[in-house]
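> Structure: upload-v5.cif, mmCIF, C-alpha atoms.
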```
data_structure
#
loop_
_atom_site.label_atom_id
_atom_site.label_comp_id
_atom_site.auth_asym_id
_atom_site.auth_seq_id
_atom_site.Cartn_x
_atom_site.Cartn_y
_atom_site.Cartn_z
CA MET A 200 -21.19 17.37 17.05
CA THR A 201 -18.15 15.95 18.82
CA ALA A 202 -15.59 14.13 16.76
CA PRO A 203 -15.10 10.46 17.61
CA GLY A 204 -12.41 10.00 20.27
CA ALA A 205 -12.50 13.63 21.36
CA LEU A 206 -12.80 14.37 25.08
CA ARG A 207 -16.15 15.67 26.07
CA PRO A 208 -16.10 18.83 28.20
CA ARG A 209 -17.02 18.26 31.83
CA ALA A 210 -20.55 19.36 32.59
CA GLU A 211 -20.66 22.55 34.60
CA GLY A 212 -21.08 21.90 38.27
CA SER A 213 -20.15 18.22 38.03
CA ALA A 214 -18.34 16.85 41.15
CA LYS A 215 -14.61 16.26 41.04
CA PRO A 216 -13.42 12.69 41.56
CA ARG A 217 -12.85 11.97 45.21
CA LYS A 218 -9.33 11.25 46.39
CA SER A 219 -8.66 7.84 47.86
CA LEU A 220 -8.47 7.48 51.62
CA LEU A 221 -5.88 4.71 51.34
CA GLY A 222 -2.94 6.99 52.10
CA PRO A 223 -4.50 8.71 55.14
CA THR A 224 -5.77 5.35 56.39
CA LEU A 225 -2.36 3.72 56.23
CA PHE A 226 -0.72 6.78 57.79
CA THR A 227 -3.26 6.80 60.64
CA LEU A 228 -2.93 3.08 61.23
CA PHE A 229 0.86 3.27 61.39
CA GLY A 230 0.79 6.37 63.57
CA VAL A 231 -1.71 4.96 66.05
CA LEU A 232 0.18 1.68 66.38
CA LEU A 233 3.45 3.56 66.89
CA LEU A 234 1.99 5.92 69.50
CA LEU A 235 0.29 3.09 71.39
CA GLY A 236 3.55 1.15 71.34
CA LEU A 237 5.45 4.12 72.77
CA GLY A 238 2.83 4.58 75.47
CA THR A 239 2.95 0.91 76.43
CA TRP A 240 6.76 1.03 76.52
CA GLN A 241 6.57 3.95 78.96
CA ILE A 242 4.18 1.96 81.18
CA GLU A 243 6.73 -0.86 81.23
CA ARG A 244 9.44 1.64 82.10
CA LEU A 245 7.20 2.99 84.88
CA HIS A 246 6.93 -0.44 86.50
CA TRP A 247 10.68 -0.99 86.07
CA LYS A 248 11.50 2.35 87.72
CA GLU A 249 9.06 1.71 90.57
CA GLY A 250 10.78 -1.63 91.15
CA LEU A 251 14.19 0.05 91.33
CA ILE A 252 12.98 2.63 93.84
CA ALA A 253 11.26 -0.02 95.95
CA ALA A 254 14.40 -2.18 95.95
CA ARG A 255 16.52 0.76 97.13
CA HIS A 256 14.20 1.59 99.99
CA ALA A 257 13.84 -2.09 100.94
CA GLY A 258 17.62 -2.43 101.13
CA THR A 259 17.94 0.49 103.54
CA ILE A 260 15.54 -1.05 106.07
CA ALA A 261 16.91 -4.59 105.80
CA PRO A 262 19.31 -5.93 108.47
CA PRO A 263 23.03 -5.08 108.02
CA VAL A 264 25.17 -7.57 106.11
CA PRO A 265 28.88 -8.41 106.18
CA LEU A 266 30.98 -6.90 103.42
CA PRO A 267 30.75 -9.30 100.42
CA GLU A 268 33.86 -10.88 98.93
CA SER A 269 33.05 -10.45 95.23
CA LEU A 270 30.98 -8.42 92.80
CA ALA A 271 28.63 -11.36 92.22
CA ALA A 272 28.00 -11.64 95.95
CA ALA A 273 27.48 -7.87 96.19
CA ARG A 274 24.82 -7.58 93.47
CA PRO A 275 21.85 -8.76 95.58
CA LEU A 276 23.09 -6.70 98.53
CA ALA A 277 23.06 -3.25 96.92
CA PHE A 278 21.83 -0.52 99.30
CA ARG A 279 22.13 -2.80 102.33
CA HIS A 280 23.80 -1.48 105.48
CA VAL A 281 27.39 -2.53 106.12
CA ALA A 282 30.04 -1.65 108.70
CA VAL A 283 33.74 -1.67 107.80
CA THR A 284 36.82 -1.12 109.93
CA GLY A 285 40.13 0.14 108.63
CA ARG A 286 42.18 3.24 107.89
CA PHE A 287 41.53 6.18 105.57
CA HIS A 288 44.14 7.41 103.11
CA ASN A 289 43.17 11.06 103.38
CA ASP A 290 46.04 12.17 101.18
CA ARG A 291 44.48 10.25 98.25
CA GLU A 292 41.02 11.85 98.26
CA LEU A 293 39.06 12.22 95.03
CA TYR A 294 36.26 14.69 94.46
CA LEU A 295 33.00 13.87 92.70
CA TYR A 296 30.95 16.86 91.49
CA ALA A 297 27.62 16.84 93.32
CA THR A 298 24.86 18.85 94.95
CA LEU A 299 23.85 18.51 98.57
CA LEU A 300 20.92 16.11 98.83
CA ASP A 301 17.59 17.98 99.11
CA SER A 302 19.40 21.27 98.45
CA ASP A 303 20.78 23.38 95.61
CA ALA A 304 24.20 23.73 97.25
CA VAL A 305 26.95 22.77 94.79
CA GLY A 306 30.15 21.09 95.83
CA TYR A 307 31.77 17.67 95.93
CA GLN A 308 31.40 14.23 97.40
CA VAL A 309 34.68 13.11 98.96
CA ILE A 310 35.76 9.65 97.76
CA THR A 311 38.51 8.29 100.01
CA PRO A 312 40.49 5.02 99.79
CA PHE A 313 40.02 2.86 102.89
CA THR A 314 42.28 -0.10 103.73
CA LEU A 315 40.60 -2.98 105.53
CA ALA A 316 42.19 -5.27 108.09
CA ASP A 317 42.79 -7.97 105.45
CA GLY A 318 44.72 -5.50 103.27
CA ALA A 319 41.98 -4.99 100.66
CA THR A 320 41.20 -1.42 99.64
CA LEU A 321 37.66 -0.07 99.46
CA LEU A 322 36.56 3.32 98.19
CA ILE A 323 34.21 5.14 100.56
CA ASN A 324 32.04 8.09 99.62
CA ARG A 325 32.35 10.02 102.86
CA GLY A 326 29.73 12.58 101.86
CA PHE A 327 29.30 16.14 100.66
CA VAL A 328 31.49 19.19 101.16
CA PRO A 329 30.72 22.64 99.71
CA ALA A 330 33.11 24.00 97.11
CA GLU A 331 34.82 26.24 99.64
CA ARG A 332 35.55 23.16 101.80
CA LYS A 333 37.14 21.07 99.06
CA ALA A 334 40.67 21.58 100.41
CA PRO A 335 41.28 19.17 103.31
CA ALA A 336 42.89 21.97 105.34
CA THR A 337 39.48 23.71 105.55
CA ARG A 338 37.98 20.69 107.33
CA ALA A 339 40.95 19.22 109.14
CA ALA A 340 38.85 17.93 112.04
CA GLY A 341 37.01 15.57 109.70
CA GLU A 342 40.19 14.00 108.30
CA LEU A 343 39.97 10.89 110.46
CA SER A 344 43.24 9.12 111.29
CA GLY A 345 43.97 5.74 112.82
CA GLU A 346 41.63 2.77 112.80
CA VAL A 347 37.96 3.77 112.43
CA THR A 348 34.67 2.03 111.77
CA VAL A 349 32.43 3.42 109.02
CA THR A 350 28.78 2.49 108.55
CA GLY A 351 26.88 3.08 105.33
CA LEU A 352 25.18 1.59 102.30
CA LEU A 353 26.79 -0.88 99.93
CA ARG A 354 26.84 0.53 96.41
CA LEU A 355 27.54 -0.90 92.96
CA PRO A 356 28.95 1.24 90.15
CA GLU A 357 26.21 2.44 87.81
CA LYS A 358 26.37 3.43 84.16
CA PRO A 359 26.39 7.24 83.94
CA GLY A 360 23.35 8.93 82.43
CA ALA A 361 23.25 10.20 78.86
CA PHE A 362 23.73 13.79 80.03
CA THR A 363 26.47 13.10 82.59
CA PRO A 364 29.79 14.63 81.49
CA ALA A 365 32.71 12.29 80.95
CA ASN A 366 35.23 11.97 83.76
CA ASP A 367 38.58 13.71 83.27
CA PRO A 368 41.04 11.83 85.50
CA ALA A 369 44.01 13.86 84.22
CA HIS A 370 42.51 16.99 85.78
CA ASP A 371 40.88 15.22 88.76
CA GLN A 372 37.39 16.01 87.50
CA TRP A 373 34.86 13.30 88.33
CA TYR A 374 31.16 13.23 87.48
CA SER A 375 30.40 9.54 88.02
CA VAL A 376 31.93 6.73 90.06
CA ASP A 377 34.44 4.71 88.03
CA LEU A 378 36.25 2.49 90.50
CA PRO A 379 39.19 1.29 88.35
CA ALA A 380 39.86 4.78 86.98
CA MET A 381 39.61 6.34 90.43
CA ALA A 382 41.95 3.75 91.91
CA LYS A 383 44.49 4.44 89.18
CA ALA A 384 44.20 8.21 89.64
CA ALA A 385 44.69 7.83 93.40
CA GLY A 386 47.71 5.59 92.84
CA ILE A 387 46.47 2.84 95.15
CA GLY A 388 46.29 -0.20 92.88
CA PRO A 389 43.25 -2.51 92.68
CA VAL A 390 40.17 -1.78 94.78
CA LEU A 391 37.11 -3.85 95.62
CA PRO A 392 34.48 -3.81 92.81
CA PHE A 393 31.93 -1.99 94.95
CA TYR A 394 32.00 0.97 97.31
CA VAL A 395 30.24 2.35 100.38
CA ASP A 396 28.19 5.51 100.85
CA ALA A 397 28.81 6.67 104.42
CA ASP A 398 25.63 7.24 106.42
CA LYS A 399 24.57 10.34 108.34
CA THR A 400 26.84 9.66 111.30
CA PRO A 401 28.35 13.13 111.94
CA ASN A 402 32.04 13.68 111.27
CA PRO A 403 34.11 15.93 113.55
CA GLY A 404 33.75 19.50 112.37
CA GLY A 405 30.59 18.61 110.40
CA TRP A 406 32.33 17.80 107.11
CA PRO A 407 32.07 15.72 105.02
CA ARG A 408 28.30 15.34 105.47
CA GLY A 409 27.28 11.72 104.90
CA GLY A 410 23.90 10.25 104.04
CA GLN A 411 23.95 11.50 100.45
CA THR A 412 22.63 8.35 98.78
CA ILE A 413 19.86 9.12 96.28
CA LEU A 414 17.03 6.65 96.82
CA ASP A 415 14.19 8.28 94.85
CA LEU A 416 14.87 8.34 91.11
CA PRO A 417 13.15 10.64 88.59
CA ASN A 418 9.99 8.86 87.46
CA ASN A 419 8.01 10.72 84.78
CA HIS A 420 7.07 7.66 82.75
CA LEU A 421 3.35 7.87 83.57
CA SER A 422 3.09 11.41 82.16
CA TYR A 423 5.09 10.31 79.09
CA ALA A 424 2.70 7.39 78.55
CA ALA A 425 -0.32 9.68 78.89
CA THR A 426 1.17 11.99 76.24
CA TRP A 427 1.66 9.18 73.71
CA TYR A 428 -1.83 7.75 74.33
CA THR A 429 -3.38 11.21 74.01
CA LEU A 430 -1.64 11.75 70.67
CA ALA A 431 -2.97 8.37 69.47
CA VAL A 432 -6.52 9.35 70.39
CA THR A 433 -6.08 12.76 68.73
CA LEU A 434 -4.90 11.12 65.51
CA ILE A 435 -7.94 8.81 65.52
CA VAL A 436 -10.29 11.80 66.00
CA PHE A 437 -8.73 13.65 63.06
CA TYR A 438 -9.07 10.56 60.90
CA ILE A 439 -12.75 10.16 61.79
CA LYS A 440 -13.38 13.79 60.86
CA LEU A 441 -11.59 13.24 57.56
CA VAL A 442 -13.74 10.22 56.74
CA ARG A 443 -16.94 12.12 57.56
CA ARG A 444 -15.97 15.00 55.30
CA HIS A 445 -15.10 12.56 52.57
CA ARG A 446 -18.60 11.08 52.67
CA ARG A 447 -20.43 14.41 52.42
CA PRO A 448 -21.69 15.04 48.88
CA GLY A 449 -20.13 17.98 47.10
CA GLU A 450 -17.22 18.39 49.54
CA THR A 451 -13.60 17.75 48.77
CA PRO A 452 -11.77 16.41 51.82
#
```
Translate this file's structure into structure tokens.


Amino acid sequence: MTAPGALRPRAEGSAKPRKSLLGPTLFTLFGVLLLLGLGTWQIERLHWKEGLIAARHAGTIAPPVPLPESLAAARPLAFRHVAVTGRFHNDRELYLYATLLDSDAVGYQVITPFTLADGATLLINRGFVPAERKAPATRAAGELSGEVTVTGLLRLPEKPGAFTPANDPAHDQWYSVDLPAMAKAAGIGPVLPFYVDADKTPNPGGWPRGGQTILDLPNNHLSYAATWYTLAVTLIVFYIKLVRRHRRPGETP
């Protein structure tokens, strides 16, 4: 006989109390909402990136425009064709680390100050030179003197990517276009708040090689979105399996 208040021994073979599904349910709900949100954000990024690429290509086929007078006027004209006339300051060249477009060749893009007829100074990206052609003496024919006309695409400075190294003006090491810093390093005073990428018009001697503007940007957002959505579906499938196991008699989930 069991004393009053004493715990009765559990009958042999009796089922253990089932654990609540509240925790897994909340975890699954939060996880699915998060993953769907990340996938939707990548779809939005996809449309944004497609718009950027389309705008770049549209600019290159639009009619040429006169050189704008301010940054505000230049913003809607990015990647449009322009023609400028003036004189290069070849002794003030700057060198931007780069690879040859559509190639693995490593070298530099030559950024050269260019004085316009009205006295304003514009930086022009004349194009790519391989590392062994960095020194102007190795490409003397391409060091244009006197008044010249340059055609190319109007460019606005862009924020460098997260993995782009920081510029080191003290050692003349440039990884992204920074117009004020470049102007200061070249010792030329203020420059216009935009620059020009020279087109493919050949230079004497073949260097620098223009036409290095990147129009197609990396666009992996669709695959990223598919990954997040797939993970959301996978989490739902695991949750359904958990619920089914939980409902089976005699099984501990």

> Which residues are near range 243-248 of chain A? Cut-off 7 Å, all atoms listed in the file, ignore same chain within fewer than 5 positions. Put them as a PyMOL selection string.

chain A and resi 418+420-421

> Calculate how many Å separate CA of Asp398 in chain A from CA of Arg255 in chain A, rounding to one decimal.

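So the answer is 14.5 Å.
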
> In Å, with one decimal, what is the gap from CA of Ala273 in chain A to CA of Gly258 in chain A?

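Computing the Euclidean distance for CA of Ala273 in chain A and CA of Gly258 in chain A yields 12.3 Å.
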
> Just checking: using all atoms listed in the file, which residue out of A:Asp377, A:Gln308, A:Arg338, A:Leu352 ends up closest to Pro262 in chain A?

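Using all atoms listed in the file, Pro262 in chain A sits closest to A:Leu352.
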
> Here's the selection I'm unsure about, the PyMOL selection byres ((chain A and resi 428) around 10); applied to the file above, which residues does it give, as a PyMOL selection string?

chain A and resi 231+234-239+422-427+429-434

> Between CA of Ile413 in chain A and CA of Ala282 in chain A, what is the distance in Å, rounded to a tenth?

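Between CA of Ile413 in chain A and CA of Ala282 in chain A the gap works out to 19.3 Å.
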
> Would you kindly return, as a list in words, each protein, DNA or RNA residue with an atom no farther than 6 Å from any atom of Val309 in chain A, considering all atoms listed in the file and excluding same-chain residues fewer than 4 positions away?

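That gives Leu293, Tyr294, Asn324, Arg325 and Gly326 of chain A.
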
> For this file, the PyMOL selection byres ((chain A and resi 407) around 6) selects which residues, as a PyMOL selection string?

chain A and resi 326-328+406+408

> Using all atoms listed in the file, which of A:Leu299, A:Ala369, A:Ala336, A:Ala319 sits nearest Pro392 in chain A?

A:Ala319
